[in-house]
2 protein chains.
Amino acid sequence: MTQATHSLATRSPTALDQIDTPAALISTARMQRNIDRMQAKAHALGVSLRPHVKTTKCTEVVKQQLAAGAQGITVSTLKEAEHFLADGVTDILYAVGMAPHRLPQALALCEQGCQLKIITDNADSARAIVEFGAAHNAVFDVMIEIDTDDHRSGIKPDSQELLVVGDILHKGGMRLLGVLTHAGSSYELNTPQALAALAEQERAGCVRAAERLRAAGLPCPVVSVGSTPTALEARDLTGVTELRAGVYIFFDLVMRNVGVCTTDDIALSVLTTVIGHQREKGWAIVDAGWMAMSRDKGTARQQVDFGYGQVCDENGQVMPGYLLASANQEHGILARTDTPDLDIESRFPVGTRLRILPNHACATGAQFPQYHALSEDNTLSIWSRFHGW
Amino acid sequence: MTQATHSLATRSPTALDQIDTPAALISTARMQRNIDRMQAKAHALGVSLRPHVKTTKCTEVVKQQLAAGAQGITVSTLKEAEHFLADGVTDILYAVGMAPHRLPQALALCEQGCQLKIITDNADSARAIVEFGAAHNAVFDVMIEIDTDDHRSGIKPDSQELLVVGDILHKGGMRLLGVLTHAGSSYELNTPQALAALAEQERAGCVRAAERLRAAGLPCPVVSVGSTPTALEARDLTGVTELRAGVYIFFDLVMRNVGVCTTDDIALSVLTTVIGHQREKGWAIVDAGWMAMSRDKGTARQQVDFGYGQVCDENGQVMPGYLLASANQEHGILARTDTPDLDIESRFPVGTRLRILPNHACATGAQFPQYHALSEDNTLSIWSRFHGW
């Protein structure tokens, strides 16, 4: 933020000082820069971008991603699919393994005009999809989840099960749409070289799975990969058709430690108010506790531990050395990292407002029913986000 | 739960198998037992009980606490106060230091019939309360927050500031209602002896503060102490008038490690469905990730680390050794703690439903817009809870 914005913030009746705390603030300028960066990266790599909207669960944000060129969205729950379909987004990939008991809900989405893509990584679910499809005269678009980095779900690219699942789906009359993978272990890395290598591993594994399916006579038009770090550090995506990424929309301190953004790229912060002090300890007590920040301590195992978040002044200027050191439900304890700041009371008097950059934007955003979106010209919009399943 | 309940659960059309996953389940029988236990403890100690409702944010639960004998409630946000006032609860203590900018909201609550008690631990806020009161012809009930265990907010019982703040409030025309403290460091202990000693420290410090105020000619009718562990292990509360506690309503794995409950007392669990496996690793993938469990890893620093939660069967029977070992947003990785369970796929086939006991009931509950309350006769009720500020 510029100095010009700072002075405006204290004058305008629609700006920051009108918001009660704690609040989840979006810098729309930073968000737009993040959107443009990922869209340009996908373009440069020759693939389409299907953002993961679980980070924001917010229609206003998603519409800006689509306006910038995103082709379809990725969701983590069928509630997200229902919500975004109601808001006019039809091309939706539900990227969590299909639980058979949710097939009626998936069918209802299709019947309402959703071009829903579902995924599976095992023969049992694949059979359940086929049987349900047959019983309801429904043809689902199904992708097979591939495990390219051992971190969670998926079938190994070279496993026999890949062809078994492909066969079940294809012969069972489903549209076998392709393969997808997510190299979530990228969050554990922190150099461009390591991320580029993992991106190549992710690409190669997913393309290999696609080639094996095709060699077995099975259709596989879509090859979908991605995580924010591998997407941004990938050098070549030959054979891939689609990139997925989520947290890039806001970035956060975990991504800063991974090395794919700076603190100045982080578009989400929590606005908070100082409510007291412990002078001798150098603590300021603020009204952002873990209920506001979330319990995510994702930077604790990284090179720089930001506690519950990095402190900035009300206008977003980072205050080096000041962290939200610990948190109770509605209390945060703000402290300097090296030595106690014995002037904390005069530095941050009761009523002082600060912003805290979060460890993990997906987790912090989820604590709030709405975002306060602040533009560079200091206009404020309230954007609702949804909650639950 | 009894075997009789197990067999009913598979037959009744209103029971467990009708609930989609992930869901926050309450065992109402356990909850009632927990309510009765804390109420009996307060009675035995000769004090009133003012439960902290931030744990549940749920009117149905709070009404049961009041029906059992609770006198008033404690809240952590003014939104809670507004919500419970609208539902007919008038005696409300807002137990987070009063931020001056929230005084208009507090006044509006009083004008709507709320017997609101606010708190402060510093002269700046006390002056702001007095000035606002004078400007609006309002007399607030104010308590002074005392720090008896160095863990967060409050004035030391023997500090000069105590009398300064008391004087500001009393001479400024506010009703100085008393003192309150919260020995939150009790969460770090794990023996009855250590908890009893901390309870005595909490009592003695808060009573000492009250005596100093009275000796200075200031009113101090209420002496309020509490945390779930110190409340349950306190042996004597001479001089105290009121006990506050929150998480006892559900208990959780952190409280199990502190030693004030067993896993069979835990009244909140997350119902989840198996959606896949990694056979060679002995993993089952379930649809309860950190979005359902929260990111709270509170047992990681205790004697038994339960990961993201203890696995139980669908009916709530603990399955020793099986934990939710790690979590992504909508994926949980369930594993055995000692050696990989290579039979995981046959033990927990796709579609298997399990319950996960949470580390921290306050954090896990907050992830859900509603509870599914299951009674011993297997009737199910939906109880909404609210979210945000």
# chains A, B, ... in the order shown; residues from 1 in each chain; ligands from 1
$ residues_around --residues "segment 83-94 of chain A" --least-positions-apart "5" --cutoff "10 Å" --atoms "only C-alpha atoms" --output "PDB file with all heavy atoms, in the first residue's frame"
ATOM      1  N   ARG A  50      -7.781 -24.009 -13.815  1.00  0.00           N
ATOM      2  CA  ARG A  50      -9.044 -24.313 -13.128  1.00  0.00           C
ATOM      3  C   ARG A  50      -8.814 -24.066 -11.637  1.00  0.00           C
ATOM      4  O   ARG A  50      -8.414 -24.970 -10.896  1.00  0.00           O
ATOM      5  CB  ARG A  50      -9.447 -25.766 -13.392  1.00  0.00           C
ATOM      6  CG  ARG A  50     -10.776 -26.169 -12.767  1.00  0.00           C
ATOM      7  CD  ARG A  50     -11.059 -27.661 -12.938  1.00  0.00           C
ATOM      8  NE  ARG A  50     -11.392 -28.040 -14.289  1.00  0.00           N
ATOM      9  CZ  ARG A  50     -12.599 -27.916 -14.847  1.00  0.00           C
ATOM     10  NH1 ARG A  50     -13.583 -27.385 -14.137  1.00  0.00           N
ATOM     11  NH2 ARG A  50     -12.804 -28.300 -16.080  1.00  0.00           N
ATOM     12  N   PRO A  51      -9.015 -22.842 -11.155  1.00  0.00           N
ATOM     13  CA  PRO A  51      -8.659 -22.522  -9.769  1.00  0.00           C
ATOM     14  C   PRO A  51      -9.449 -23.348  -8.758  1.00  0.00           C
ATOM     15  O   PRO A  51     -10.617 -23.682  -8.999  1.00  0.00           O
ATOM     16  CB  PRO A  51      -9.019 -21.036  -9.626  1.00  0.00           C
ATOM     17  CG  PRO A  51      -9.575 -20.598 -10.903  1.00  0.00           C
ATOM     18  CD  PRO A  51      -9.572 -21.700 -11.886  1.00  0.00           C
ATOM     19  N   HIS A  52      -8.790 -23.646  -7.651  1.00  0.00           N
ATOM     20  CA  HIS A  52      -9.468 -24.331  -6.553  1.00  0.00           C
ATOM     21  C   HIS A  52     -10.089 -23.268  -5.664  1.00  0.00           C
ATOM     22  O   HIS A  52      -9.372 -22.455  -5.082  1.00  0.00           O
ATOM     23  CB  HIS A  52      -8.485 -25.199  -5.759  1.00  0.00           C
ATOM     24  CG  HIS A  52      -9.183 -26.343  -5.092  1.00  0.00           C
ATOM     25  ND1 HIS A  52     -10.371 -26.199  -4.428  1.00  0.00           N
ATOM     26  CD2 HIS A  52      -8.869 -27.662  -5.016  1.00  0.00           C
ATOM     27  CE1 HIS A  52     -10.761 -27.387  -3.965  1.00  0.00           C
ATOM     28  NE2 HIS A  52      -9.880 -28.284  -4.308  1.00  0.00           N
ATOM     29  N   VAL A  53     -11.406 -23.296  -5.546  1.00  0.00           N
ATOM     30  CA  VAL A  53     -12.104 -22.209  -4.863  1.00  0.00           C
ATOM     31  C   VAL A  53     -12.374 -22.509  -3.394  1.00  0.00           C
ATOM     32  O   VAL A  53     -13.006 -21.711  -2.703  1.00  0.00           O
ATOM     33  CB  VAL A  53     -13.415 -21.858  -5.599  1.00  0.00           C
ATOM     34  CG1 VAL A  53     -13.094 -21.434  -7.023  1.00  0.00           C
ATOM     35  CG2 VAL A  53     -14.390 -23.022  -5.584  1.00  0.00           C
ATOM     36  N   LYS A  57     -14.238 -19.725  -1.071  1.00  0.00           N
ATOM     37  CA  LYS A  57     -15.688 -20.003  -1.000  1.00  0.00           C
ATOM     38  C   LYS A  57     -16.488 -18.708  -1.158  1.00  0.00           C
ATOM     39  O   LYS A  57     -17.451 -18.470  -0.423  1.00  0.00           O
ATOM     40  CB  LYS A  57     -16.043 -20.716   0.306  1.00  0.00           C
ATOM     41  CG  LYS A  57     -15.257 -22.027   0.489  1.00  0.00           C
ATOM     42  CD  LYS A  57     -15.897 -22.988   1.460  1.00  0.00           C
ATOM     43  CE  LYS A  57     -14.985 -24.195   1.655  1.00  0.00           C
ATOM     44  NZ  LYS A  57     -15.636 -25.323   2.292  1.00  0.00           N
ATOM     45  N   CYS A  58     -16.106 -17.924  -2.132  1.00  0.00           N
ATOM     46  CA  CYS A  58     -16.657 -16.574  -2.269  1.00  0.00           C
ATOM     47  C   CYS A  58     -16.893 -16.256  -3.744  1.00  0.00           C
ATOM     48  O   CYS A  58     -15.955 -16.269  -4.547  1.00  0.00           O
ATOM     49  CB  CYS A  58     -15.664 -15.578  -1.665  1.00  0.00           C
ATOM     50  SG  CYS A  58     -16.097 -13.855  -1.909  1.00  0.00           S
ATOM     51  N   THR A  59     -18.141 -15.991  -4.087  1.00  0.00           N
ATOM     52  CA  THR A  59     -18.510 -15.796  -5.482  1.00  0.00           C
ATOM     53  C   THR A  59     -17.811 -14.595  -6.111  1.00  0.00           C
ATOM     54  O   THR A  59     -17.363 -14.667  -7.264  1.00  0.00           O
ATOM     55  CB  THR A  59     -20.041 -15.638  -5.600  1.00  0.00           C
ATOM     56  OG1 THR A  59     -20.631 -16.860  -5.132  1.00  0.00           O
ATOM     57  CG2 THR A  59     -20.480 -15.385  -7.025  1.00  0.00           C
ATOM     58  N   GLU A  60     -17.703 -13.496  -5.381  1.00  0.00           N
ATOM     59  CA  GLU A  60     -17.076 -12.301  -5.954  1.00  0.00           C
ATOM     60  C   GLU A  60     -15.631 -12.593  -6.364  1.00  0.00           C
ATOM     61  O   GLU A  60     -15.159 -12.124  -7.404  1.00  0.00           O
ATOM     62  CB  GLU A  60     -17.094 -11.143  -4.955  1.00  0.00           C
ATOM     63  CG  GLU A  60     -18.457 -10.493  -4.795  1.00  0.00           C
ATOM     64  CD  GLU A  60     -19.379 -11.228  -3.819  1.00  0.00           C
ATOM     65  OE1 GLU A  60     -18.998 -12.325  -3.341  1.00  0.00           O
ATOM     66  OE2 GLU A  60     -20.468 -10.710  -3.557  1.00  0.00           O
ATOM     67  N   VAL A  62     -14.362 -15.610  -7.114  1.00  0.00           N
ATOM     68  CA  VAL A  62     -14.349 -16.594  -8.196  1.00  0.00           C
ATOM     69  C   VAL A  62     -14.702 -15.927  -9.526  1.00  0.00           C
ATOM     70  O   VAL A  62     -14.115 -16.242 -10.571  1.00  0.00           O
ATOM     71  CB  VAL A  62     -15.302 -17.753  -7.845  1.00  0.00           C
ATOM     72  CG1 VAL A  62     -15.522 -18.663  -9.044  1.00  0.00           C
ATOM     73  CG2 VAL A  62     -14.724 -18.539  -6.654  1.00  0.00           C
ATOM     74  N   LYS A  63     -15.622 -14.994  -9.496  1.00  0.00           N
ATOM     75  CA  LYS A  63     -15.984 -14.302 -10.739  1.00  0.00           C
ATOM     76  C   LYS A  63     -14.791 -13.536 -11.303  1.00  0.00           C
ATOM     77  O   LYS A  63     -14.626 -13.436 -12.513  1.00  0.00           O
ATOM     78  CB  LYS A  63     -17.180 -13.379 -10.500  1.00  0.00           C
ATOM     79  CG  LYS A  63     -18.429 -14.226 -10.245  1.00  0.00           C
ATOM     80  CD  LYS A  63     -19.725 -13.551 -10.632  1.00  0.00           C
ATOM     81  CE  LYS A  63     -20.817 -14.652 -10.763  1.00  0.00           C
ATOM     82  NZ  LYS A  63     -22.169 -14.123 -10.639  1.00  0.00           N
ATOM     83  N   LEU A  66     -12.586 -16.089 -13.032  1.00  0.00           N
ATOM     84  CA  LEU A  66     -13.142 -16.484 -14.329  1.00  0.00           C
ATOM     85  C   LEU A  66     -12.989 -15.349 -15.342  1.00  0.00           C
ATOM     86  O   LEU A  66     -12.655 -15.591 -16.505  1.00  0.00           O
ATOM     87  CB  LEU A  66     -14.613 -16.881 -14.166  1.00  0.00           C
ATOM     88  CG  LEU A  66     -14.827 -18.175 -13.361  1.00  0.00           C
ATOM     89  CD1 LEU A  66     -16.300 -18.346 -12.998  1.00  0.00           C
ATOM     90  CD2 LEU A  66     -14.329 -19.409 -14.136  1.00  0.00           C
ATOM     91  N   GLN A  71     -10.789 -21.402 -16.667  1.00  0.00           N
ATOM     92  CA  GLN A  71     -11.773 -22.234 -17.350  1.00  0.00           C
ATOM     93  C   GLN A  71     -12.302 -23.270 -16.370  1.00  0.00           C
ATOM     94  O   GLN A  71     -11.685 -24.309 -16.140  1.00  0.00           O
ATOM     95  CB  GLN A  71     -11.144 -22.879 -18.576  1.00  0.00           C
ATOM     96  CG  GLN A  71     -10.823 -21.823 -19.643  1.00  0.00           C
ATOM     97  CD  GLN A  71     -10.106 -22.402 -20.835  1.00  0.00           C
ATOM     98  OE1 GLN A  71      -8.880 -22.347 -20.930  1.00  0.00           O
ATOM     99  NE2 GLN A  71     -10.867 -22.974 -21.745  1.00  0.00           N
ATOM    100  N   GLY A  72     -13.440 -22.946 -15.777  1.00  0.00           N
ATOM    101  CA  GLY A  72     -14.028 -23.840 -14.781  1.00  0.00           C
ATOM    102  C   GLY A  72     -13.368 -23.664 -13.433  1.00  0.00           C
ATOM    103  O   GLY A  72     -12.393 -22.923 -13.281  1.00  0.00           O
ATOM    104  N   ILE A  73     -13.940 -24.337 -12.447  1.00  0.00           N
ATOM    105  CA  ILE A  73     -13.407 -24.249 -11.084  1.00  0.00           C
ATOM    106  C   ILE A  73     -13.236 -25.647 -10.490  1.00  0.00           C
ATOM    107  O   ILE A  73     -13.786 -26.625 -11.004  1.00  0.00           O
ATOM    108  CB  ILE A  73     -14.330 -23.413 -10.155  1.00  0.00           C
ATOM    109  CG1 ILE A  73     -15.716 -24.062 -10.006  1.00  0.00           C
ATOM    110  CG2 ILE A  73     -14.443 -21.977 -10.655  1.00  0.00           C
ATOM    111  CD1 ILE A  73     -16.616 -23.399  -8.959  1.00  0.00           C
ATOM    112  N   THR A  74     -12.466 -25.701  -9.428  1.00  0.00           N
ATOM    113  CA  THR A  74     -12.277 -26.921  -8.657  1.00  0.00           C
ATOM    114  C   THR A  74     -12.890 -26.686  -7.286  1.00  0.00           C
ATOM    115  O   THR A  74     -12.715 -25.601  -6.715  1.00  0.00           O
ATOM    116  CB  THR A  74     -10.771 -27.207  -8.482  1.00  0.00           C
ATOM    117  OG1 THR A  74     -10.142 -27.144  -9.770  1.00  0.00           O
ATOM    118  CG2 THR A  74     -10.527 -28.565  -7.848  1.00  0.00           C
ATOM    119  N   VAL A  75     -13.595 -27.685  -6.751  1.00  0.00           N
ATOM    120  CA  VAL A  75     -14.194 -27.557  -5.417  1.00  0.00           C
ATOM    121  C   VAL A  75     -13.797 -28.748  -4.553  1.00  0.00           C
ATOM    122  O   VAL A  75     -13.401 -29.803  -5.062  1.00  0.00           O
ATOM    123  CB  VAL A  75     -15.743 -27.455  -5.483  1.00  0.00           C
ATOM    124  CG1 VAL A  75     -16.179 -26.236  -6.283  1.00  0.00           C
ATOM    125  CG2 VAL A  75     -16.364 -28.737  -6.025  1.00  0.00           C
ATOM    126  N   SER A  76     -13.941 -28.549  -3.234  1.00  0.00           N
ATOM    127  CA  SER A  76     -13.582 -29.617  -2.294  1.00  0.00           C
ATOM    128  C   SER A  76     -14.790 -30.237  -1.608  1.00  0.00           C
ATOM    129  O   SER A  76     -14.648 -31.203  -0.865  1.00  0.00           O
ATOM    130  CB  SER A  76     -12.625 -29.068  -1.232  1.00  0.00           C
ATOM    131  OG  SER A  76     -13.264 -28.142  -0.383  1.00  0.00           O
ATOM    132  N   THR A  77     -15.972 -29.662  -1.831  1.00  0.00           N
ATOM    133  CA  THR A  77     -17.209 -30.231  -1.279  1.00  0.00           C
ATOM    134  C   THR A  77     -18.325 -30.043  -2.303  1.00  0.00           C
ATOM    135  O   THR A  77     -18.274 -29.128  -3.133  1.00  0.00           O
ATOM    136  CB  THR A  77     -17.651 -29.513   0.023  1.00  0.00           C
ATOM    137  OG1 THR A  77     -17.964 -28.154  -0.286  1.00  0.00           O
ATOM    138  CG2 THR A  77     -16.561 -29.553   1.095  1.00  0.00           C
ATOM    139  N   LEU A  78     -19.344 -30.883  -2.197  1.00  0.00           N
ATOM    140  CA  LEU A  78     -20.487 -30.698  -3.095  1.00  0.00           C
ATOM    141  C   LEU A  78     -21.297 -29.462  -2.711  1.00  0.00           C
ATOM    142  O   LEU A  78     -21.981 -28.885  -3.552  1.00  0.00           O
ATOM    143  CB  LEU A  78     -21.354 -31.963  -3.128  1.00  0.00           C
ATOM    144  CG  LEU A  78     -20.709 -33.146  -3.857  1.00  0.00           C
ATOM    145  CD1 LEU A  78     -21.655 -34.345  -3.880  1.00  0.00           C
ATOM    146  CD2 LEU A  78     -20.285 -32.780  -5.285  1.00  0.00           C
ATOM    147  N   ALA A 106     -24.623 -35.707  -6.371  1.00  0.00           N
ATOM    148  CA  ALA A 106     -23.902 -35.398  -7.615  1.00  0.00           C
ATOM    149  C   ALA A 106     -24.851 -35.444  -8.808  1.00  0.00           C
ATOM    150  O   ALA A 106     -24.812 -34.577  -9.690  1.00  0.00           O
ATOM    151  CB  ALA A 106     -22.751 -36.393  -7.801  1.00  0.00           C
ATOM    152  N   LEU A 109     -26.967 -32.380  -9.033  1.00  0.00           N
ATOM    153  CA  LEU A 109     -26.209 -31.260  -9.601  1.00  0.00           C
ATOM    154  C   LEU A 109     -26.206 -31.341 -11.126  1.00  0.00           C
ATOM    155  O   LEU A 109     -26.424 -30.337 -11.817  1.00  0.00           O
ATOM    156  CB  LEU A 109     -24.775 -31.274  -9.058  1.00  0.00           C
ATOM    157  CG  LEU A 109     -24.602 -30.642  -7.683  1.00  0.00           C
ATOM    158  CD1 LEU A 109     -23.338 -31.151  -6.999  1.00  0.00           C
ATOM    159  CD2 LEU A 109     -24.553 -29.121  -7.808  1.00  0.00           C
ATOM    160  N   CYS A 110     -25.942 -32.534 -11.657  1.00  0.00           N
ATOM    161  CA  CYS A 110     -25.920 -32.700 -13.116  1.00  0.00           C
ATOM    162  C   CYS A 110     -27.288 -32.347 -13.704  1.00  0.00           C
ATOM    163  O   CYS A 110     -27.387 -31.683 -14.745  1.00  0.00           O
ATOM    164  CB  CYS A 110     -25.548 -34.132 -13.484  1.00  0.00           C
ATOM    165  SG  CYS A 110     -23.875 -34.590 -12.974  1.00  0.00           S
ATOM    166  N   GLN A 112     -29.316 -30.299 -12.652  1.00  0.00           N
ATOM    167  CA  GLN A 112     -29.545 -28.843 -12.600  1.00  0.00           C
ATOM    168  C   GLN A 112     -28.641 -28.080 -13.569  1.00  0.00           C
ATOM    169  O   GLN A 112     -28.564 -26.855 -13.512  1.00  0.00           O
ATOM    170  CB  GLN A 112     -29.301 -28.334 -11.172  1.00  0.00           C
ATOM    171  CG  GLN A 112     -30.368 -28.762 -10.166  1.00  0.00           C
ATOM    172  CD  GLN A 112     -29.840 -28.733  -8.742  1.00  0.00           C
ATOM    173  OE1 GLN A 112     -29.162 -27.791  -8.350  1.00  0.00           O
ATOM    174  NE2 GLN A 112     -30.129 -29.769  -7.985  1.00  0.00           N
ATOM    175  N   GLY A 113     -27.919 -28.816 -14.422  1.00  0.00           N
ATOM    176  CA  GLY A 113     -27.128 -28.137 -15.446  1.00  0.00           C
ATOM    177  C   GLY A 113     -25.651 -28.031 -15.137  1.00  0.00           C
ATOM    178  O   GLY A 113     -24.892 -27.397 -15.868  1.00  0.00           O
ATOM    179  N   CYS A 114     -25.227 -28.656 -14.053  1.00  0.00           N
ATOM    180  CA  CYS A 114     -23.803 -28.612 -13.719  1.00  0.00           C
ATOM    181  C   CYS A 114     -23.041 -29.591 -14.601  1.00  0.00           C
ATOM    182  O   CYS A 114     -23.438 -30.745 -14.749  1.00  0.00           O
ATOM    183  CB  CYS A 114     -23.618 -28.985 -12.249  1.00  0.00           C
ATOM    184  SG  CYS A 114     -21.925 -28.818 -11.671  1.00  0.00           S
ATOM    185  N   GLN A 115     -21.958 -29.111 -15.210  1.00  0.00           N
ATOM    186  CA  GLN A 115     -21.045 -30.034 -15.898  1.00  0.00           C
ATOM    187  C   GLN A 115     -20.053 -30.530 -14.851  1.00  0.00           C
ATOM    188  O   GLN A 115     -18.906 -30.098 -14.799  1.00  0.00           O
ATOM    189  CB  GLN A 115     -20.306 -29.303 -17.013  1.00  0.00           C
ATOM    190  CG  GLN A 115     -21.237 -28.766 -18.105  1.00  0.00           C
ATOM    191  CD  GLN A 115     -20.486 -27.787 -18.989  1.00  0.00           C
ATOM    192  OE1 GLN A 115     -20.335 -26.607 -18.674  1.00  0.00           O
ATOM    193  NE2 GLN A 115     -19.964 -28.300 -20.092  1.00  0.00           N
ATOM    194  N   LEU A 116     -20.547 -31.424 -14.024  1.00  0.00           N
ATOM    195  CA  LEU A 116     -19.774 -31.876 -12.865  1.00  0.00           C
ATOM    196  C   LEU A 116     -18.809 -32.974 -13.263  1.00  0.00           C
ATOM    197  O   LEU A 116     -19.161 -33.899 -13.985  1.00  0.00           O
ATOM    198  CB  LEU A 116     -20.732 -32.404 -11.788  1.00  0.00           C
ATOM    199  CG  LEU A 116     -20.083 -32.839 -10.478  1.00  0.00           C
ATOM    200  CD1 LEU A 116     -19.587 -31.632  -9.697  1.00  0.00           C
ATOM    201  CD2 LEU A 116     -21.076 -33.656  -9.633  1.00  0.00           C
ATOM    202  N   LYS A 117     -17.583 -32.850 -12.797  1.00  0.00           N
ATOM    203  CA  LYS A 117     -16.582 -33.903 -12.960  1.00  0.00           C
ATOM    204  C   LYS A 117     -16.306 -34.473 -11.584  1.00  0.00           C
ATOM    205  O   LYS A 117     -16.021 -33.725 -10.648  1.00  0.00           O
ATOM    206  CB  LYS A 117     -15.282 -33.332 -13.531  1.00  0.00           C
ATOM    207  CG  LYS A 117     -15.409 -32.850 -14.975  1.00  0.00           C
ATOM    208  CD  LYS A 117     -15.244 -31.350 -15.085  1.00  0.00           C
ATOM    209  CE  LYS A 117     -15.414 -30.844 -16.495  1.00  0.00           C
ATOM    210  NZ  LYS A 117     -16.771 -30.309 -16.755  1.00  0.00           N
ATOM    211  N   ILE A 118     -16.385 -35.790 -11.454  1.00  0.00           N
ATOM    212  CA  ILE A 118     -16.093 -36.428 -10.171  1.00  0.00           C
ATOM    213  C   ILE A 118     -14.825 -37.251 -10.308  1.00  0.00           C
ATOM    214  O   ILE A 118     -14.357 -37.515 -11.431  1.00  0.00           O
ATOM    215  CB  ILE A 118     -17.282 -37.279  -9.670  1.00  0.00           C
ATOM    216  CG1 ILE A 118     -17.605 -38.422 -10.646  1.00  0.00           C
ATOM    217  CG2 ILE A 118     -18.506 -36.396  -9.445  1.00  0.00           C
ATOM    218  CD1 ILE A 118     -18.715 -39.355 -10.153  1.00  0.00           C
ATOM    219  N   ILE A 119     -14.243 -37.641  -9.171  1.00  0.00           N
ATOM    220  CA  ILE A 119     -12.983 -38.381  -9.231  1.00  0.00           C
ATOM    221  C   ILE A 119     -13.050 -39.633  -8.360  1.00  0.00           C
ATOM    222  O   ILE A 119     -13.837 -39.716  -7.423  1.00  0.00           O
ATOM    223  CB  ILE A 119     -11.773 -37.515  -8.810  1.00  0.00           C
ATOM    224  CG1 ILE A 119     -11.720 -37.305  -7.293  1.00  0.00           C
ATOM    225  CG2 ILE A 119     -11.774 -36.177  -9.541  1.00  0.00           C
ATOM    226  CD1 ILE A 119     -10.412 -36.692  -6.795  1.00  0.00           C
ATOM    227  N   ASP A 141     -19.121 -37.750 -15.753  1.00  0.00           N
ATOM    228  CA  ASP A 141     -17.743 -37.457 -16.172  1.00  0.00           C
ATOM    229  C   ASP A 141     -16.837 -37.820 -15.000  1.00  0.00           C
ATOM    230  O   ASP A 141     -16.955 -37.219 -13.927  1.00  0.00           O
ATOM    231  CB  ASP A 141     -17.568 -35.960 -16.455  1.00  0.00           C
ATOM    232  CG  ASP A 141     -18.211 -35.536 -17.763  1.00  0.00           C
ATOM    233  OD1 ASP A 141     -18.348 -36.395 -18.670  1.00  0.00           O
ATOM    234  OD2 ASP A 141     -18.578 -34.350 -17.882  1.00  0.00           O
ATOM    235  N   VAL A 142     -15.932 -38.772 -15.220  1.00  0.00           N
ATOM    236  CA  VAL A 142     -15.110 -39.243 -14.104  1.00  0.00           C
ATOM    237  C   VAL A 142     -13.629 -39.126 -14.448  1.00  0.00           C
ATOM    238  O   VAL A 142     -13.207 -39.454 -15.552  1.00  0.00           O
ATOM    239  CB  VAL A 142     -15.433 -40.716 -13.743  1.00  0.00           C
ATOM    240  CG1 VAL A 142     -14.755 -41.089 -12.425  1.00  0.00           C
ATOM    241  CG2 VAL A 142     -16.921 -40.964 -13.669  1.00  0.00           C
ATOM    242  N   MET A 143     -12.862 -38.645 -13.484  1.00  0.00           N
ATOM    243  CA  MET A 143     -11.412 -38.606 -13.626  1.00  0.00           C
ATOM    244  C   MET A 143     -10.794 -39.551 -12.601  1.00  0.00           C
ATOM    245  O   MET A 143     -11.371 -39.809 -11.542  1.00  0.00           O
ATOM    246  CB  MET A 143     -10.896 -37.184 -13.419  1.00  0.00           C
ATOM    247  CG  MET A 143     -11.468 -36.214 -14.459  1.00  0.00           C
ATOM    248  SD  MET A 143     -10.873 -34.516 -14.242  1.00  0.00           S
ATOM    249  CE  MET A 143      -9.196 -34.674 -14.871  1.00  0.00           C
ATOM    250  N   PHE A 386     -19.207 -18.884   2.446  1.00  0.00           N
ATOM    251  CA  PHE A 386     -20.060 -19.850   3.132  1.00  0.00           C
ATOM    252  C   PHE A 386     -19.221 -20.827   3.940  1.00  0.00           C
ATOM    253  O   PHE A 386     -18.001 -20.897   3.833  1.00  0.00           O
ATOM    254  CB  PHE A 386     -21.044 -20.522   2.178  1.00  0.00           C
ATOM    255  CG  PHE A 386     -20.405 -21.155   0.978  1.00  0.00           C
ATOM    256  CD1 PHE A 386     -20.121 -22.507   0.974  1.00  0.00           C
ATOM    257  CD2 PHE A 386     -20.087 -20.407  -0.133  1.00  0.00           C
ATOM    258  CE1 PHE A 386     -19.525 -23.106  -0.117  1.00  0.00           C
ATOM    259  CE2 PHE A 386     -19.495 -20.995  -1.236  1.00  0.00           C
ATOM    260  CZ  PHE A 386     -19.206 -22.343  -1.227  1.00  0.00           C
TER     261      PHE A 386
END
$ interface_residues --of "chain A" --to "chain B" --cutoff "9 Å" --atoms "only C-alpha atoms" --output "JSON, numbers by chain"
{"A": [20, 21, 22, 23, 54, 76, 77, 96, 97, 98, 99, 100, 101, 102, 120, 121, 122, 124, 125, 152, 153, 154, 155, 273, 274, 275, 276, 277, 278, 283, 285, 287, 290, 291, 292, 294, 295, 296, 297, 328, 329, 330, 331, 332, 333, 349, 350, 351, 362, 363, 366, 367, 368, 369, 370, 387, 388, 389]}
$ select_by_dssp --residues "segment 239-370 of chain A" --states "strand (DSSP E or B)" --output "PyMOL selection string"
chain A and resi 242-243+268-278+283-286+310-313+318-327+332-336+353-357+370
$ select_by_dssp --residues "segment 182-298 of chain B" --states "helix (DSSP H, G or I)" --output "VMD selection string"
chain B and resid 184 to 188 192 to 215 228 to 233 247 to 249 253 to 258 263 to 265 279 to 281 290 to 293 298
